[in-house]
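Next comes protein_29.tsv, with TSV, C-alpha atoms.
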```
chain	number	residue	atom	x	y	z
A	1	MET	CA	33.69	6.35	32.69
A	2	TYR	CA	33.90	9.52	30.61
A	3	GLY	CA	37.01	10.54	32.55
A	4	TRP	CA	38.64	7.23	31.69
A	5	LEU	CA	37.64	7.71	28.03
A	6	TRP	CA	39.15	11.18	27.99
A	7	ARG	CA	42.41	10.04	29.56
A	8	ASN	CA	42.82	7.08	27.20
A	9	LEU	CA	42.00	8.71	23.87
A	10	PRO	CA	45.09	9.65	21.87
A	11	GLY	CA	45.97	13.05	20.51
A	12	PRO	CA	45.63	16.64	21.71
A	13	SER	CA	42.50	17.72	23.52
A	14	TRP	CA	40.77	19.16	20.43
A	15	VAL	CA	41.14	15.84	18.64
A	16	ARG	CA	39.72	14.02	21.65
A	17	ALA	CA	36.80	16.42	21.85
A	18	LEU	CA	36.10	15.88	18.14
A	19	VAL	CA	36.21	12.09	18.49
A	20	LEU	CA	33.78	12.20	21.42
A	21	ALA	CA	31.42	14.59	19.59
A	22	VAL	CA	31.34	12.32	16.52
A	23	ALA	CA	30.76	9.28	18.74
A	24	ALA	CA	27.83	11.04	20.46
A	25	LEU	CA	26.32	11.90	17.05
A	26	VAL	CA	26.65	8.29	15.90
A	27	VAL	CA	24.90	7.07	19.06
A	28	LEU	CA	22.09	9.62	18.51
A	29	ALA	CA	21.71	8.62	14.85
A	30	VAL	CA	21.52	4.92	15.71
A	31	CYS	CA	18.84	5.74	18.31
A	32	PHE	CA	16.79	7.86	15.86
A	33	LEU	CA	16.98	5.36	13.01
A	34	TRP	CA	16.64	2.01	14.76
A	35	VAL	CA	16.37	2.02	18.56
A	36	PHE	CA	13.54	4.55	19.03
A	37	PRO	CA	11.32	3.18	16.22
A	38	ALA	CA	11.75	-0.29	17.76
A	39	ILE	CA	10.69	0.70	21.28
A	40	ALA	CA	8.01	3.27	20.37
A	41	PRO	CA	5.20	0.68	19.90
A	42	TYR	CA	5.66	-0.39	23.54
A	43	MET	CA	5.07	3.12	24.90
A	44	PRO	CA	1.74	3.56	26.70
A	45	PHE	CA	0.42	6.38	24.53
A	46	ASN	CA	-0.38	7.11	20.90
A	47	ASN	CA	-2.90	4.30	20.31
A	48	THR	CA	-5.72	5.44	18.08
A	49	THR	CA	-7.87	2.41	17.30
A	50	VAL	CA	-10.76	0.77	19.13
A	51	GLY	CA	-10.43	-2.87	20.12
A	52	GLY	CA	-7.39	-5.04	19.52
A	53	GLY	CA	-5.13	-3.01	21.80
A	54	GLN	CA	-3.24	-1.50	18.89
B	1	MET	CA	53.54	10.09	63.76
B	2	THR	CA	51.66	8.19	61.10
B	3	VAL	CA	49.57	9.69	58.29
B	4	THR	CA	45.93	8.55	58.35
B	5	ALA	CA	44.42	10.76	55.63
B	6	THR	CA	44.47	8.07	52.94
B	7	PRO	CA	41.06	6.30	52.82
B	8	ALA	CA	40.78	2.56	52.79
B	9	PRO	CA	40.96	0.96	49.29
B	10	SER	CA	37.40	-0.41	49.54
B	11	ARG	CA	36.07	3.06	50.22
B	12	GLN	CA	37.88	4.42	47.17
B	13	LEU	CA	36.33	1.73	45.06
B	14	GLY	CA	32.89	2.64	46.39
B	15	TRP	CA	33.29	6.27	45.34
B	16	HIS	CA	34.58	5.13	41.97
B	17	LEU	CA	31.52	2.95	41.34
B	18	THR	CA	29.19	5.73	42.49
B	19	GLY	CA	30.81	8.03	39.94
B	20	ILE	CA	30.25	5.52	37.12
B	21	LEU	CA	26.64	4.98	38.21
B	22	GLY	CA	26.06	8.74	38.17
B	23	GLU	CA	27.49	9.06	34.67
B	24	LEU	CA	25.31	6.18	33.45
B	25	MET	CA	22.18	7.81	34.88
B	26	VAL	CA	23.01	11.17	33.32
B	27	THR	CA	23.54	9.37	29.99
B	28	LEU	CA	20.21	7.58	30.35
B	29	GLY	CA	18.50	10.91	31.08
B	30	VAL	CA	19.94	12.44	27.92
B	31	LEU	CA	18.77	9.42	25.88
B	32	VAL	CA	15.24	9.71	27.31
B	33	LEU	CA	15.18	13.38	26.31
B	34	ALA	CA	16.38	12.36	22.85
B	35	PHE	CA	13.52	9.87	22.64
B	36	VAL	CA	10.99	12.58	23.50
B	37	GLY	CA	12.51	14.77	20.79
B	38	TRP	CA	12.35	11.93	18.29
B	39	GLN	CA	8.73	11.10	19.15
B	40	LEU	CA	7.35	14.65	19.24
B	41	TRP	CA	9.35	16.20	16.44
B	42	TRP	CA	11.16	13.77	14.18
B	43	THR	CA	8.22	11.36	13.59
B	44	ASP	CA	6.20	14.36	12.33
B	45	VAL	CA	9.02	15.43	10.00
B	46	VAL	CA	9.31	11.94	8.52
B	47	GLY	CA	5.54	11.26	8.58
B	48	ASN	CA	4.50	14.48	6.84
B	49	ARG	CA	7.11	13.96	4.14
B	50	ALA	CA	6.18	10.30	3.59
B	51	GLN	CA	2.42	10.96	3.46
B	52	ALA	CA	2.85	13.85	1.01
B	53	ASP	CA	5.00	11.59	-1.19
B	54	ILE	CA	2.34	8.85	-1.13
B	55	VAL	CA	-0.36	11.27	-2.31
B	56	THR	CA	1.95	12.64	-5.03
B	57	ASN	CA	2.80	9.15	-6.23
B	58	LEU	CA	-0.88	8.28	-6.74
B	59	HIS	CA	-0.68	10.62	-9.75
B	60	TRP	CA	-4.30	11.70	-9.42
B	61	ALA	CA	-5.40	14.99	-10.98
B	62	PRO	CA	-4.44	17.88	-8.70
B	63	VAL	CA	-7.28	19.56	-6.84
B	64	PRO	CA	-8.03	22.96	-8.42
B	65	THR	CA	-7.31	25.94	-6.20
B	66	PRO	CA	-10.33	27.98	-5.09
B	67	ALA	CA	-9.08	30.90	-7.18
B	68	ALA	CA	-9.17	28.91	-10.43
B	69	ALA	CA	-12.49	28.45	-12.17
B	70	ALA	CA	-13.18	24.87	-11.16
B	71	PRO	CA	-15.66	22.65	-12.96
B	72	VAL	CA	-18.17	22.43	-10.15
B	73	VAL	CA	-20.48	19.45	-10.31
B	74	VAL	CA	-24.20	19.95	-10.10
B	75	ASP	CA	-25.19	16.34	-10.69
B	76	LYS	CA	-24.81	14.96	-7.16
B	77	ARG	CA	-25.41	11.22	-7.09
B	78	HIS	CA	-27.32	9.61	-4.24
B	79	ASP	CA	-27.77	6.12	-5.68
B	80	ALA	CA	-25.45	3.16	-5.10
B	81	SER	CA	-21.89	3.92	-6.18
B	82	PRO	CA	-19.69	1.34	-7.94
B	83	ALA	CA	-18.42	-1.13	-5.34
B	84	ILE	CA	-14.74	-0.87	-4.46
B	85	PRO	CA	-13.08	-4.17	-3.49
B	86	GLU	CA	-11.13	-4.15	-0.23
B	87	PRO	CA	-7.43	-3.91	-1.12
B	88	GLN	CA	-4.48	-5.84	0.24
B	89	HIS	CA	-2.92	-4.87	3.56
B	90	GLU	CA	-0.84	-1.65	3.40
B	91	VAL	CA	-2.22	-0.66	-0.03
B	92	THR	CA	-3.16	3.01	-0.32
B	93	PHE	CA	-6.56	3.22	-2.02
B	94	ALA	CA	-7.98	6.64	-1.11
B	95	THR	CA	-7.18	10.07	0.21
B	96	LEU	CA	-9.08	12.10	2.80
B	97	LEU	CA	-9.68	15.82	2.31
B	98	VAL	CA	-11.12	17.89	5.14
B	99	PRO	CA	-11.73	21.56	4.28
B	100	ARG	CA	-12.04	22.39	8.02
B	101	TRP	CA	-8.40	21.34	8.40
B	102	GLY	CA	-7.18	23.54	5.55
B	103	ALA	CA	-7.54	23.69	1.77
B	104	ASP	CA	-4.28	21.77	1.34
B	105	TYR	CA	-5.23	18.91	3.70
B	106	ASP	CA	-5.02	15.75	1.56
B	107	ARG	CA	-3.83	12.58	3.33
B	108	PRO	CA	-3.52	8.99	2.11
B	109	VAL	CA	-5.82	6.24	3.44
B	110	SER	CA	-4.36	2.72	3.41
B	111	GLN	CA	-5.66	-0.73	4.27
B	112	GLY	CA	-5.04	-1.90	7.87
B	113	VAL	CA	-4.80	-0.29	11.30
B	114	ASP	CA	-1.63	-1.84	12.74
B	115	ARG	CA	0.87	0.76	13.85
B	116	ALA	CA	4.07	-0.69	12.41
B	117	GLY	CA	2.61	-1.39	8.95
B	118	VAL	CA	0.14	1.43	8.40
B	119	LEU	CA	-0.50	4.09	11.07
B	120	ASP	CA	3.14	4.95	11.86
B	121	ARG	CA	4.27	4.70	8.26
B	122	LEU	CA	1.45	5.42	5.79
B	123	GLY	CA	-0.85	7.72	7.81
B	124	ILE	CA	-4.58	7.01	7.99
B	125	GLY	CA	-5.66	3.34	8.11
B	126	HIS	CA	-8.90	1.58	7.15
B	127	TYR	CA	-10.27	-0.99	9.62
B	128	PRO	CA	-10.24	-4.27	7.66
B	129	GLY	CA	-13.69	-5.75	7.29
B	130	THR	CA	-15.56	-2.46	7.64
B	131	ALA	CA	-17.33	-0.91	4.65
B	132	MET	CA	-15.42	0.65	1.77
B	133	PRO	CA	-16.20	4.24	0.64
B	134	GLY	CA	-19.77	4.54	-0.61
B	135	ASP	CA	-20.87	1.17	0.77
B	136	VAL	CA	-23.94	0.80	2.94
B	137	GLY	CA	-22.38	0.30	6.37
B	138	ASN	CA	-19.54	2.06	8.16
B	139	PHE	CA	-16.33	3.15	6.42
B	140	ALA	CA	-14.14	3.19	9.54
B	141	ILE	CA	-10.67	4.76	9.57
B	142	SER	CA	-8.09	5.59	12.22
B	143	GLY	CA	-5.11	7.93	12.40
B	144	HIS	CA	-2.66	9.54	14.80
B	145	ARG	CA	-3.74	12.73	16.54
B	146	THR	CA	-0.17	13.49	17.62
B	147	THR	CA	3.18	12.38	16.14
B	148	TYR	CA	3.85	10.42	12.91
B	149	GLY	CA	2.49	13.26	10.77
B	150	LYS	CA	-0.61	13.55	13.03
B	151	PRO	CA	-3.29	13.32	10.29
B	152	PHE	CA	-6.16	13.65	12.82
B	153	ASN	CA	-4.52	16.37	14.91
B	154	ARG	CA	-7.42	18.83	14.60
B	155	ILE	CA	-10.26	16.33	14.97
B	156	ALA	CA	-11.79	18.20	17.90
B	157	GLU	CA	-12.43	21.22	15.63
B	158	LEU	CA	-14.92	19.35	13.43
B	159	GLN	CA	-18.49	20.65	13.57
B	160	VAL	CA	-21.72	18.86	12.67
B	161	GLY	CA	-22.27	19.33	8.93
B	162	ASP	CA	-18.58	19.66	8.04
B	163	PRO	CA	-17.68	17.81	4.82
B	164	LEU	CA	-15.32	14.83	5.01
B	165	VAL	CA	-14.29	14.20	1.42
B	166	VAL	CA	-12.96	10.79	0.40
B	167	ARG	CA	-11.30	10.41	-2.97
B	168	THR	CA	-10.50	7.14	-4.72
B	169	ALA	CA	-8.98	6.60	-8.14
B	170	ASP	CA	-12.35	7.02	-9.92
B	171	LEU	CA	-14.80	8.43	-7.40
B	172	TRP	CA	-15.42	11.29	-4.99
B	173	PHE	CA	-17.47	10.81	-1.83
B	174	VAL	CA	-18.69	13.71	0.29
B	175	TYR	CA	-19.64	12.71	3.82
B	176	ARG	CA	-20.94	15.12	6.45
B	177	VAL	CA	-20.20	15.01	10.16
B	178	THR	CA	-23.26	13.96	12.18
B	179	SER	CA	-21.85	13.46	15.69
B	180	THR	CA	-18.74	13.14	17.81
B	181	GLU	CA	-18.19	11.09	20.95
B	182	ILE	CA	-15.43	10.17	23.39
B	183	VAL	CA	-15.34	6.50	24.34
B	184	LEU	CA	-13.12	3.95	26.05
B	185	PRO	CA	-10.70	2.05	23.78
B	186	SER	CA	-12.67	-1.15	24.31
B	187	LYS	CA	-15.82	0.22	22.66
B	188	VAL	CA	-15.58	-1.54	19.31
B	189	ALA	CA	-19.26	-0.78	18.60
B	190	VAL	CA	-18.33	2.68	17.27
B	191	ILE	CA	-17.08	1.03	14.08
B	192	ALA	CA	-20.04	-1.37	13.77
B	193	PRO	CA	-22.03	-1.15	10.48
B	194	VAL	CA	-24.61	0.83	12.44
B	195	PRO	CA	-22.43	2.79	14.91
B	196	ASP	CA	-23.09	1.90	18.56
B	197	LYS	CA	-25.64	-0.76	17.53
B	198	PRO	CA	-23.60	-3.92	16.92
B	199	GLY	CA	-25.54	-6.57	15.04
B	200	ALA	CA	-28.05	-4.15	13.53
B	201	ALA	CA	-28.51	-4.28	9.75
B	202	PRO	CA	-27.17	-1.06	8.17
B	203	SER	CA	-29.23	1.06	5.81
B	204	GLU	CA	-27.05	4.18	5.70
B	205	ARG	CA	-23.64	4.93	4.23
B	206	MET	CA	-21.56	6.03	7.24
B	207	ILE	CA	-17.99	7.12	7.89
B	208	THR	CA	-16.25	6.89	11.27
B	209	LEU	CA	-12.92	8.39	12.33
B	210	THR	CA	-11.16	7.19	15.50
B	211	THR	CA	-8.07	8.65	17.17
B	212	CYS	CA	-6.61	9.01	20.65
B	213	ASN	CA	-8.01	11.22	23.39
B	214	PRO	CA	-6.79	13.25	25.17
B	215	MET	CA	-3.77	14.17	23.07
B	216	PHE	CA	-0.58	12.27	24.00
B	217	SER	CA	-2.63	9.67	25.85
B	218	ALA	CA	-4.20	6.33	25.05
B	219	ARG	CA	-6.80	6.55	27.80
B	220	GLU	CA	-9.81	7.21	25.55
B	221	ARG	CA	-10.73	7.47	21.88
B	222	PHE	CA	-12.11	10.50	20.07
B	223	VAL	CA	-14.71	9.32	17.54
B	224	VAL	CA	-16.38	11.24	14.70
B	225	HIS	CA	-19.34	9.83	12.76
B	226	GLY	CA	-20.61	11.09	9.43
B	227	VAL	CA	-23.08	10.09	6.75
B	228	LEU	CA	-22.71	10.15	2.95
B	229	ASP	CA	-24.19	13.28	1.39
B	230	TYR	CA	-23.46	12.41	-2.26
B	231	TRP	CA	-20.88	10.95	-4.60
B	232	ILE	CA	-19.67	11.80	-8.11
B	233	PRO	CA	-17.43	10.06	-10.63
B	234	ALA	CA	-13.98	11.65	-10.89
B	235	SER	CA	-14.55	12.15	-14.61
B	236	ALA	CA	-17.35	14.61	-13.80
B	237	GLY	CA	-15.04	17.05	-12.02
B	238	PHE	CA	-14.47	17.97	-8.41
B	239	PRO	CA	-16.86	18.38	-5.46
B	240	ALA	CA	-17.56	22.03	-4.73
B	241	GLU	CA	-16.65	21.38	-1.06
B	242	ILE	CA	-12.93	21.12	-1.79
B	243	THR	CA	-12.74	23.98	-4.25
B	244	GLY	CA	-14.14	26.60	-1.90
B	245	GLY	CA	-17.54	26.55	-3.62
B	246	ALA	CA	-19.67	25.19	-0.80
```
As a first step, turn the structure in this file into structure tokens.
Amino acid sequence: MYGWLWRNLPGPSWVRALVLAVAALVVLAVCFLWVFPAIAPYMPFNNTTVGGGQ
Amino acid sequence: MTVTATPAPSRQLGWHLTGILGELMVTLGVLVLAFVGWQLWWTDVVGNRAQADIVTNLHWAPVPTPAAAAPVVVDKRHDASPAIPEPQHEVTFATLLVPRWGADYDRPVSQGVDRAGVLDRLGIGHYPGTAMPGDVGNFAISGHRTTYGKPFNRIAELQVGDPLVVRTADLWFVYRVTSTEIVLPSKVAVIAPVPDKPGAAPSERMITLTTCNPMFSARERFVVHGVLDYWIPASAGFPAEITGGA
């Protein structure tokens, strides 16, 4: 998977490394801003109220 | 002689798929670690900033520092305070100050106890339908003990007699801790008008804090009860408890 990505990206190796690093940062940012806040309420910890299961 | 070192095509494909599966699992592992980092660190960064902004944007008079000569109130009121109507969902109507948790501890209290609307975003939440500050009954609030700015992080440090100071736009309320208990999440009676006696008619002005117990778990709830000591109008000054005078 990553090997295939590396072989098929254009440019010299430093350009490819940069592209992959930026892509990883974008994935992390999307997770921090949208994915993690969306799944956090379903995690089995962190509930503070009595009753209601919140 | 024939060469037999080349593996069969199906076997090559099997190794290939195993490699992809391994890379996917490593990726998933990294994402799980990122989630832990987000939950334990980033939600506090965002939560602390957001809750401080909410308090600032209330534009209430800043609390005098202990060093400054603060107008300390002697006329402590014990009669009925002006009734405060219950606000709309997600409206911030009070702040909580707890000297035991530091002189600069001042967190917003908003209406509602759902996580997405209030607890994860605005900090401390007020159980809808329970008493408002100063009312006869039980002013019941909840907050995170870990993550999302963790407003109730140091709840286990509270001692009997510690002041829990609630501030609204016009009034100050000084409650004092009377007891703490650890209960199962199903025990709704802790926020009843008379705590632990559902159905009983209240005669005292109580406050109740609920949060998770143990930390990072939802197995139990840590509960703190308190009773109103006195109240003062904001125009009269500041309670001595928050200015280092008590």
Chain A contacts on chain B, all atoms listed in the file, 8 Å, as a PyMOL selection string: chain B and resi 19-20+23+34-35+38-39+113-116+142-147+184-188+210-212+216-219+221
Create the file for the chosen residues now, containing C-alpha atoms and written as a PDB file, in the frame of the given file.
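The resulting result_10.pdb:
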```pdb
ATOM      1  CA  GLY B  19      30.810   8.030  39.940  1.00  0.00           C
ATOM      2  CA  ILE B  20      30.250   5.520  37.120  1.00  0.00           C
ATOM      3  CA  GLU B  23      27.490   9.060  34.670  1.00  0.00           C
ATOM      4  CA  ALA B  34      16.380  12.360  22.850  1.00  0.00           C
ATOM      5  CA  PHE B  35      13.520   9.870  22.640  1.00  0.00           C
ATOM      6  CA  TRP B  38      12.350  11.930  18.290  1.00  0.00           C
ATOM      7  CA  GLN B  39       8.730  11.100  19.150  1.00  0.00           C
ATOM      8  CA  VAL B 113      -4.800  -0.290  11.300  1.00  0.00           C
ATOM      9  CA  ASP B 114      -1.630  -1.840  12.740  1.00  0.00           C
ATOM     10  CA  ARG B 115       0.870   0.760  13.850  1.00  0.00           C
ATOM     11  CA  ALA B 116       4.070  -0.690  12.410  1.00  0.00           C
ATOM     12  CA  SER B 142      -8.090   5.590  12.220  1.00  0.00           C
ATOM     13  CA  GLY B 143      -5.110   7.930  12.400  1.00  0.00           C
ATOM     14  CA  HIS B 144      -2.660   9.540  14.800  1.00  0.00           C
ATOM     15  CA  ARG B 145      -3.740  12.730  16.540  1.00  0.00           C
ATOM     16  CA  THR B 146      -0.170  13.490  17.620  1.00  0.00           C
ATOM     17  CA  THR B 147       3.180  12.380  16.140  1.00  0.00           C
ATOM     18  CA  LEU B 184     -13.120   3.950  26.050  1.00  0.00           C
ATOM     19  CA  PRO B 185     -10.700   2.050  23.780  1.00  0.00           C
ATOM     20  CA  SER B 186     -12.670  -1.150  24.310  1.00  0.00           C
ATOM     21  CA  LYS B 187     -15.820   0.220  22.660  1.00  0.00           C
ATOM     22  CA  VAL B 188     -15.580  -1.540  19.310  1.00  0.00           C
ATOM     23  CA  THR B 210     -11.160   7.190  15.500  1.00  0.00           C
ATOM     24  CA  THR B 211      -8.070   8.650  17.170  1.00  0.00           C
ATOM     25  CA  CYS B 212      -6.610   9.010  20.650  1.00  0.00           C
ATOM     26  CA  PHE B 216      -0.580  12.270  24.000  1.00  0.00           C
ATOM     27  CA  SER B 217      -2.630   9.670  25.850  1.00  0.00           C
ATOM     28  CA  ALA B 218      -4.200   6.330  25.050  1.00  0.00           C
ATOM     29  CA  ARG B 219      -6.800   6.550  27.800  1.00  0.00           C
ATOM     30  CA  ARG B 221     -10.730   7.470  21.880  1.00  0.00           C
TER      31      ARG B 221
END
```
CA of Met215 (chain B) to CA of Leu40 (chain B), straight-line distance in Å: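 So the answer is 11.8 Å.
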Interatomic distance (Å, one decimal) between CA of Pro163 (chain B) and CA of Asp104 (chain B): 14.4 Å
Among the residues B:Gln111, B:Gln88, B:Thr180, B:Thr18, the one that comes closest to Glu157 (chain B) [using all atoms listed in the file]: B:Thr180
Selection: 7 Å around Leu209 (chain B), all atoms listed in the file, excl. self and same-chain fewer than 2 positions, as a list in words: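 Surrounding residues, per the criterion: Ala140, Ile141, Ser142, Ile207, Thr211, Val223, Val224 and His225 of chain B.
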Separation of CA of Ala50 (chain B) from CA of Val98 (chain B), in Å and rounded to one decimal: 19.0 Å
Pick from B:Ala83, B:Leu58, B:Val165, B:Ala234 nearest to Met132 (chain B), counting only C-alpha atoms: B:Ala83
Polymer residues at most 6 Å from (-13.2, -1.3, 12.0) by all atoms listed in the file, as a list of chain:residue names: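 Output: B:Tyr127, B:Thr130, B:Ala140, B:Ile191.
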Proximity to Pro239 (chain B) - best of B:Gly125, B:Pro198, B:Pro64, B:Pro108, only C-alpha atoms: B:Pro64
Which centre and edge lengths in Å to one decimal define the box along x, y and z that fits every listed atom of region 41-46 of chain A plus 3 Å per side, as JSON?
```
{"center_x": 2.6, "center_y": 3.4, "center_z": 23.3, "size_x": 12.0, "size_y": 13.5, "size_z": 12.8}
```
Keeping C-alpha atoms (and nothing else), can you write region 101-193 of chain B of this structure as an mmCIF file, in the first residue's frame?
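Saved result, part_33.cif, follows:
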```cif
data_model
loop_
_atom_site.group_PDB
_atom_site.id
_atom_site.type_symbol
_atom_site.label_atom_id
_atom_site.label_comp_id
_atom_site.auth_asym_id
_atom_site.auth_seq_id
_atom_site.Cartn_x
_atom_site.Cartn_y
_atom_site.Cartn_z
ATOM 1 C CA TRP B 101 -9.201 24.586 43.559
ATOM 2 C CA GLY B 102 -7.206 27.814 43.329
ATOM 3 C CA ALA B 103 -7.877 31.545 43.583
ATOM 4 C CA ASP B 104 -8.222 31.783 39.797
ATOM 5 C CA TYR B 105 -10.764 28.946 39.492
ATOM 6 C CA ASP B 106 -13.832 30.533 37.844
ATOM 7 C CA ARG B 107 -15.816 28.311 35.454
ATOM 8 C CA PRO B 108 -19.062 28.920 33.566
ATOM 9 C CA VAL B 109 -22.269 27.056 34.481
ATOM 10 C CA SER B 110 -24.749 26.561 31.623
ATOM 11 C CA GLN B 111 -28.215 25.070 31.317
ATOM 12 C CA GLY B 112 -28.369 21.365 30.376
ATOM 13 C CA VAL B 113 -26.258 18.266 30.981
ATOM 14 C CA ASP B 114 -26.006 16.720 27.506
ATOM 15 C CA ARG B 115 -22.430 16.174 26.427
ATOM 16 C CA ALA B 116 -22.561 17.496 22.871
ATOM 17 C CA GLY B 117 -24.403 20.714 23.752
ATOM 18 C CA VAL B 118 -23.076 21.625 27.188
ATOM 19 C CA LEU B 119 -20.559 19.410 29.018
ATOM 20 C CA ASP B 120 -18.074 18.933 26.148
ATOM 21 C CA ARG B 121 -18.413 22.493 24.897
ATOM 22 C CA LEU B 122 -19.425 24.915 27.669
ATOM 23 C CA GLY B 123 -18.053 23.216 30.804
ATOM 24 C CA ILE B 124 -20.273 22.756 33.854
ATOM 25 C CA GLY B 125 -23.967 21.978 33.225
ATOM 26 C CA HIS B 126 -27.096 22.481 35.341
ATOM 27 C CA TYR B 127 -29.544 19.559 35.535
ATOM 28 C CA PRO B 128 -32.771 20.939 34.008
ATOM 29 C CA GLY B 129 -35.644 20.909 36.456
ATOM 30 C CA THR B 130 -33.486 21.035 39.582
ATOM 31 C CA ALA B 131 -33.397 24.161 41.744
ATOM 32 C CA MET B 132 -31.672 27.341 40.609
ATOM 33 C CA PRO B 133 -29.032 29.014 42.845
ATOM 34 C CA GLY B 134 -30.538 30.147 46.139
ATOM 35 C CA ASP B 135 -33.759 28.168 45.703
ATOM 36 C CA VAL B 136 -35.058 25.837 48.377
ATOM 37 C CA GLY B 137 -34.229 22.447 46.873
ATOM 38 C CA ASN B 138 -31.137 21.101 45.155
ATOM 39 C CA PHE B 139 -29.067 23.137 42.685
ATOM 40 C CA ALA B 140 -27.553 20.170 40.832
ATOM 41 C CA ILE B 141 -24.649 20.558 38.405
ATOM 42 C CA SER B 142 -22.339 18.198 36.538
ATOM 43 C CA GLY B 143 -18.944 18.537 34.881
ATOM 44 C CA HIS B 144 -16.045 16.552 33.461
ATOM 45 C CA ARG B 145 -13.400 15.325 35.893
ATOM 46 C CA THR B 146 -10.990 14.544 33.045
ATOM 47 C CA THR B 147 -10.764 15.963 29.500
ATOM 48 C CA TYR B 148 -12.754 18.850 27.934
ATOM 49 C CA GLY B 149 -11.193 21.372 30.318
ATOM 50 C CA LYS B 150 -11.912 19.059 33.313
ATOM 51 C CA PRO B 151 -13.749 21.604 35.528
ATOM 52 C CA PHE B 152 -14.277 19.038 38.335
ATOM 53 C CA ASN B 153 -10.800 17.508 38.117
ATOM 54 C CA ARG B 154 -9.938 18.095 41.796
ATOM 55 C CA ILE B 155 -13.325 17.193 43.266
ATOM 56 C CA ALA B 156 -11.844 14.554 45.563
ATOM 57 C CA GLU B 157 -9.831 17.261 47.372
ATOM 58 C CA LEU B 158 -12.946 19.004 48.722
ATOM 59 C CA GLN B 159 -13.326 18.932 52.509
ATOM 60 C CA VAL B 160 -16.468 19.372 54.594
ATOM 61 C CA GLY B 161 -16.933 23.109 55.167
ATOM 62 C CA ASP B 162 -15.183 24.203 51.963
ATOM 63 C CA PRO B 163 -16.973 27.104 50.238
ATOM 64 C CA LEU B 164 -18.549 26.528 46.822
ATOM 65 C CA VAL B 165 -19.264 30.003 45.498
ATOM 66 C CA VAL B 166 -21.871 30.494 42.775
ATOM 67 C CA ARG B 167 -22.055 33.820 41.006
ATOM 68 C CA THR B 168 -24.891 35.038 38.802
ATOM 69 C CA ALA B 169 -25.294 38.382 37.083
ATOM 70 C CA ASP B 170 -26.690 40.056 40.228
ATOM 71 C CA LEU B 171 -26.085 37.696 43.141
ATOM 72 C CA TRP B 172 -23.416 35.780 45.025
ATOM 73 C CA PHE B 173 -24.194 32.495 46.767
ATOM 74 C CA VAL B 174 -21.800 30.845 49.203
ATOM 75 C CA TYR B 175 -22.509 27.158 49.741
ATOM 76 C CA ARG B 176 -20.496 24.914 52.049
ATOM 77 C CA VAL B 177 -19.640 21.266 51.466
ATOM 78 C CA THR B 178 -21.555 18.976 53.823
ATOM 79 C CA SER B 179 -20.788 15.489 52.460
ATOM 80 C CA THR B 180 -19.354 13.485 49.594
ATOM 81 C CA GLU B 181 -20.395 10.072 48.310
ATOM 82 C CA ILE B 182 -19.594 7.636 45.519
ATOM 83 C CA VAL B 183 -22.640 6.089 43.861
ATOM 84 C CA LEU B 184 -23.634 4.075 40.812
ATOM 85 C CA PRO B 185 -24.647 6.103 37.732
ATOM 86 C CA SER B 186 -28.245 4.954 38.122
ATOM 87 C CA LYS B 187 -28.688 6.675 41.500
ATOM 88 C CA VAL B 188 -30.708 9.691 40.399
ATOM 89 C CA ALA B 189 -31.757 10.354 44.018
ATOM 90 C CA VAL B 190 -28.517 12.282 44.646
ATOM 91 C CA ILE B 191 -29.972 15.207 42.694
ATOM 92 C CA ALA B 192 -33.441 14.976 44.294
ATOM 93 C CA PRO B 193 -34.665 18.173 46.066
#
```
